[in-house]
Structures are given as C-alpha cells and as structure tokens.
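To start, the structure itself, in structure tokens.
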Amino acid sequence: MPNVPKDLDVAKRAKVIEWLKTEVIDQVSRLFKALWEGSTARVGDSLASLIMSSYILGRRLGLPYRELDDLLLEKLRKHKQEGHQLEEWYQDISALEEHMRKR
C-alpha cells in the first residue's frame with residue numbers, strides 16, 4: 001500500500017465518519033417510511049442496515065465490535081436491574097440479552 005500523507009489520511013477518516021453519520025440518519029428515515037407503508041421486508045432491511053452502519057461507525061470511532069457488544073450487554077443488564085418497562089411488560093431486555101450471549 002503506498003504511503004498516504006498523514007493530512008490526507010486524517011481528512012479521509014473524517015470524511016468517512018461524516019458519511020457514516022449520514023448513513024445512520026438515512027436508515028432511520030427509511031425505517032420510518034417502511035413503518036408508515038407497513039412493509040415488513042423494508043422494516044427488516046432498514047433495521048439491518050441501521051445496525052450495520054452503527055457497528056461500522058463505532059469501529060471508525062475506535063470501538064471494536066466486541067467492545068460494542070460488551071457495552072450493549074452491560075446496558076441490557078442495567079435496564080433489567082432498573083426494571084425497564086420493556087422488560088416488565090414483554091421481557092424484551094432478557095430476550096435480547098440471551099440472544100447476544102448465544103452468538
């Protein structure tokens with residue numbers, strides 16, 4: 001790989017981060033449109049793209065995928081301990097925690 005001047009590399013990294021931020025917003029917009037239209041396939045696609053963009057943005061910001069997973073598990077445990085309404089009503093927090101642990 002050829003040597004890239006440091007200032008160009010920094011500019012490229014910043015540009016990629018800005019692009020990923022717009023991707024996250026775009027996917028949220030697509031999700032809302034899919035929900036409005038009632039398209040289950042488009043909802044799933046938008047959610048998958050949103051999760052993917054979030055993971056990659058985290059990596060570009062210095063968070064390895066494993067660390068992001070660990071942070072998510074920590075947040076799930078905290079919500080469970082605090083009696084989050086989604087846990088009380090539907091046990092969604094426990095279900096997601098179990099899913100993450102089985103991966």
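All residue names refer to the structure tokens as shown: chains lettered A, B, ... in order, residues numbered from 1 in each chain, ligands numbered from 1 in order.
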Members of chain A assigned helix (DSSP H, G or I) by DSSP, as a PyMOL selection string: chain A and resi 6-37+40-60+65-81+85-90+92-102
Taking C-alpha atoms for each residue, export the selection above as a PDB file, in the first residue's frame.
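Contents of result.pdb, freshly written:
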```
ATOM      1  CA  LYS A   6      -0.921  11.977   7.089  1.00  0.00           C
ATOM      2  CA  ASP A   7      -3.154  15.016   6.482  1.00  0.00           C
ATOM      3  CA  LEU A   8      -4.912  13.227   3.599  1.00  0.00           C
ATOM      4  CA  ASP A   9      -5.432  10.135   5.744  1.00  0.00           C
ATOM      5  CA  VAL A  10      -6.934  12.238   8.567  1.00  0.00           C
ATOM      6  CA  ALA A  11      -9.201  14.026   6.091  1.00  0.00           C
ATOM      7  CA  LYS A  12     -10.299  10.698   4.600  1.00  0.00           C
ATOM      8  CA  ARG A  13     -11.079   9.292   8.045  1.00  0.00           C
ATOM      9  CA  ALA A  14     -13.117  12.379   8.957  1.00  0.00           C
ATOM     10  CA  LYS A  15     -14.995  12.186   5.665  1.00  0.00           C
ATOM     11  CA  VAL A  16     -15.824   8.512   6.233  1.00  0.00           C
ATOM     12  CA  ILE A  17     -17.135   9.256   9.740  1.00  0.00           C
ATOM     13  CA  GLU A  18     -19.322  12.066   8.404  1.00  0.00           C
ATOM     14  CA  TRP A  19     -20.607   9.775   5.648  1.00  0.00           C
ATOM     15  CA  LEU A  20     -21.424   7.033   8.161  1.00  0.00           C
ATOM     16  CA  LYS A  21     -23.335   9.519  10.311  1.00  0.00           C
ATOM     17  CA  THR A  22     -25.485  10.408   7.302  1.00  0.00           C
ATOM     18  CA  GLU A  23     -25.998   6.688   6.629  1.00  0.00           C
ATOM     19  CA  VAL A  24     -27.375   6.215  10.150  1.00  0.00           C
ATOM     20  CA  ILE A  25     -29.793   9.108   9.673  1.00  0.00           C
ATOM     21  CA  ASP A  26     -30.764   7.853   6.214  1.00  0.00           C
ATOM     22  CA  GLN A  27     -31.533   4.395   7.591  1.00  0.00           C
ATOM     23  CA  VAL A  28     -33.676   5.854  10.375  1.00  0.00           C
ATOM     24  CA  SER A  29     -35.598   7.769   7.707  1.00  0.00           C
ATOM     25  CA  ARG A  30     -36.003   4.617   5.599  1.00  0.00           C
ATOM     26  CA  LEU A  31     -37.181   2.734   8.682  1.00  0.00           C
ATOM     27  CA  PHE A  32     -39.849   5.337   9.427  1.00  0.00           C
ATOM     28  CA  LYS A  33     -41.039   5.245   5.806  1.00  0.00           C
ATOM     29  CA  ALA A  34     -41.177   1.441   5.866  1.00  0.00           C
ATOM     30  CA  LEU A  35     -43.179   1.544   9.105  1.00  0.00           C
ATOM     31  CA  TRP A  36     -45.577   4.054   7.552  1.00  0.00           C
ATOM     32  CA  GLU A  37     -46.007   1.826   4.483  1.00  0.00           C
ATOM     33  CA  THR A  40     -42.186  -5.862   6.878  1.00  0.00           C
ATOM     34  CA  ALA A  41     -39.395  -6.617   4.403  1.00  0.00           C
ATOM     35  CA  ARG A  42     -38.331  -2.978   4.217  1.00  0.00           C
ATOM     36  CA  VAL A  43     -38.518  -2.616   8.013  1.00  0.00           C
ATOM     37  CA  GLY A  44     -36.173  -5.583   8.392  1.00  0.00           C
ATOM     38  CA  ASP A  45     -33.812  -4.277   5.716  1.00  0.00           C
ATOM     39  CA  SER A  46     -33.732  -0.808   7.280  1.00  0.00           C
ATOM     40  CA  LEU A  47     -33.100  -2.164  10.769  1.00  0.00           C
ATOM     41  CA  ALA A  48     -30.307  -4.428   9.493  1.00  0.00           C
ATOM     42  CA  SER A  49     -28.715  -1.503   7.637  1.00  0.00           C
ATOM     43  CA  LEU A  50     -29.043   0.729  10.698  1.00  0.00           C
ATOM     44  CA  ILE A  51     -27.364  -1.861  12.925  1.00  0.00           C
ATOM     45  CA  MET A  52     -24.612  -2.418  10.348  1.00  0.00           C
ATOM     46  CA  SER A  53     -23.943   1.313   9.946  1.00  0.00           C
ATOM     47  CA  SER A  54     -23.901   1.761  13.726  1.00  0.00           C
ATOM     48  CA  TYR A  55     -21.349  -1.014  14.206  1.00  0.00           C
ATOM     49  CA  ILE A  56     -19.103   0.315  11.449  1.00  0.00           C
ATOM     50  CA  LEU A  57     -19.404   3.891  12.744  1.00  0.00           C
ATOM     51  CA  GLY A  58     -18.418   2.641  16.196  1.00  0.00           C
ATOM     52  CA  ARG A  59     -15.398   0.870  14.715  1.00  0.00           C
ATOM     53  CA  ARG A  60     -14.336   4.005  12.824  1.00  0.00           C
ATOM     54  CA  TYR A  65     -17.118  -4.774  17.533  1.00  0.00           C
ATOM     55  CA  ARG A  66     -16.553  -6.966  20.610  1.00  0.00           C
ATOM     56  CA  GLU A  67     -16.369  -3.907  22.862  1.00  0.00           C
ATOM     57  CA  LEU A  68     -19.607  -2.582  21.396  1.00  0.00           C
ATOM     58  CA  ASP A  69     -21.232  -5.969  22.050  1.00  0.00           C
ATOM     59  CA  ASP A  70     -19.960  -5.872  25.643  1.00  0.00           C
ATOM     60  CA  LEU A  71     -21.307  -2.334  26.110  1.00  0.00           C
ATOM     61  CA  LEU A  72     -24.681  -3.454  24.783  1.00  0.00           C
ATOM     62  CA  LEU A  73     -24.767  -6.398  27.198  1.00  0.00           C
ATOM     63  CA  GLU A  74     -23.841  -4.077  30.067  1.00  0.00           C
ATOM     64  CA  LYS A  75     -26.664  -1.691  29.103  1.00  0.00           C
ATOM     65  CA  LEU A  76     -29.131  -4.591  28.890  1.00  0.00           C
ATOM     66  CA  ARG A  77     -28.147  -5.800  32.376  1.00  0.00           C
ATOM     67  CA  LYS A  78     -28.549  -2.277  33.731  1.00  0.00           C
ATOM     68  CA  HIS A  79     -32.003  -1.862  32.184  1.00  0.00           C
ATOM     69  CA  LYS A  80     -33.049  -5.251  33.553  1.00  0.00           C
ATOM     70  CA  GLN A  81     -31.871  -4.351  37.059  1.00  0.00           C
ATOM     71  CA  GLN A  85     -40.807  -1.158  31.170  1.00  0.00           C
ATOM     72  CA  LEU A  86     -39.994  -3.274  28.103  1.00  0.00           C
ATOM     73  CA  GLU A  87     -38.593  -5.886  30.459  1.00  0.00           C
ATOM     74  CA  GLU A  88     -41.567  -5.760  32.790  1.00  0.00           C
ATOM     75  CA  TRP A  89     -44.152  -5.867  30.016  1.00  0.00           C
ATOM     76  CA  TYR A  90     -42.569  -8.150  27.414  1.00  0.00           C
ATOM     77  CA  ASP A  92     -37.577  -7.881  25.624  1.00  0.00           C
ATOM     78  CA  ILE A  93     -34.417  -6.949  27.532  1.00  0.00           C
ATOM     79  CA  SER A  94     -33.879 -10.526  28.753  1.00  0.00           C
ATOM     80  CA  ALA A  95     -34.626 -11.938  25.301  1.00  0.00           C
ATOM     81  CA  LEU A  96     -32.067  -9.677  23.633  1.00  0.00           C
ATOM     82  CA  GLU A  97     -29.501 -10.368  26.342  1.00  0.00           C
ATOM     83  CA  GLU A  98     -29.957 -14.106  25.840  1.00  0.00           C
ATOM     84  CA  HIS A  99     -29.656 -13.706  22.063  1.00  0.00           C
ATOM     85  CA  MET A 100     -26.434 -11.709  22.425  1.00  0.00           C
ATOM     86  CA  ARG A 101     -24.923 -14.271  24.774  1.00  0.00           C
ATOM     87  CA  LYS A 102     -25.710 -17.198  22.433  1.00  0.00           C
TER      88      LYS A 102
END
```
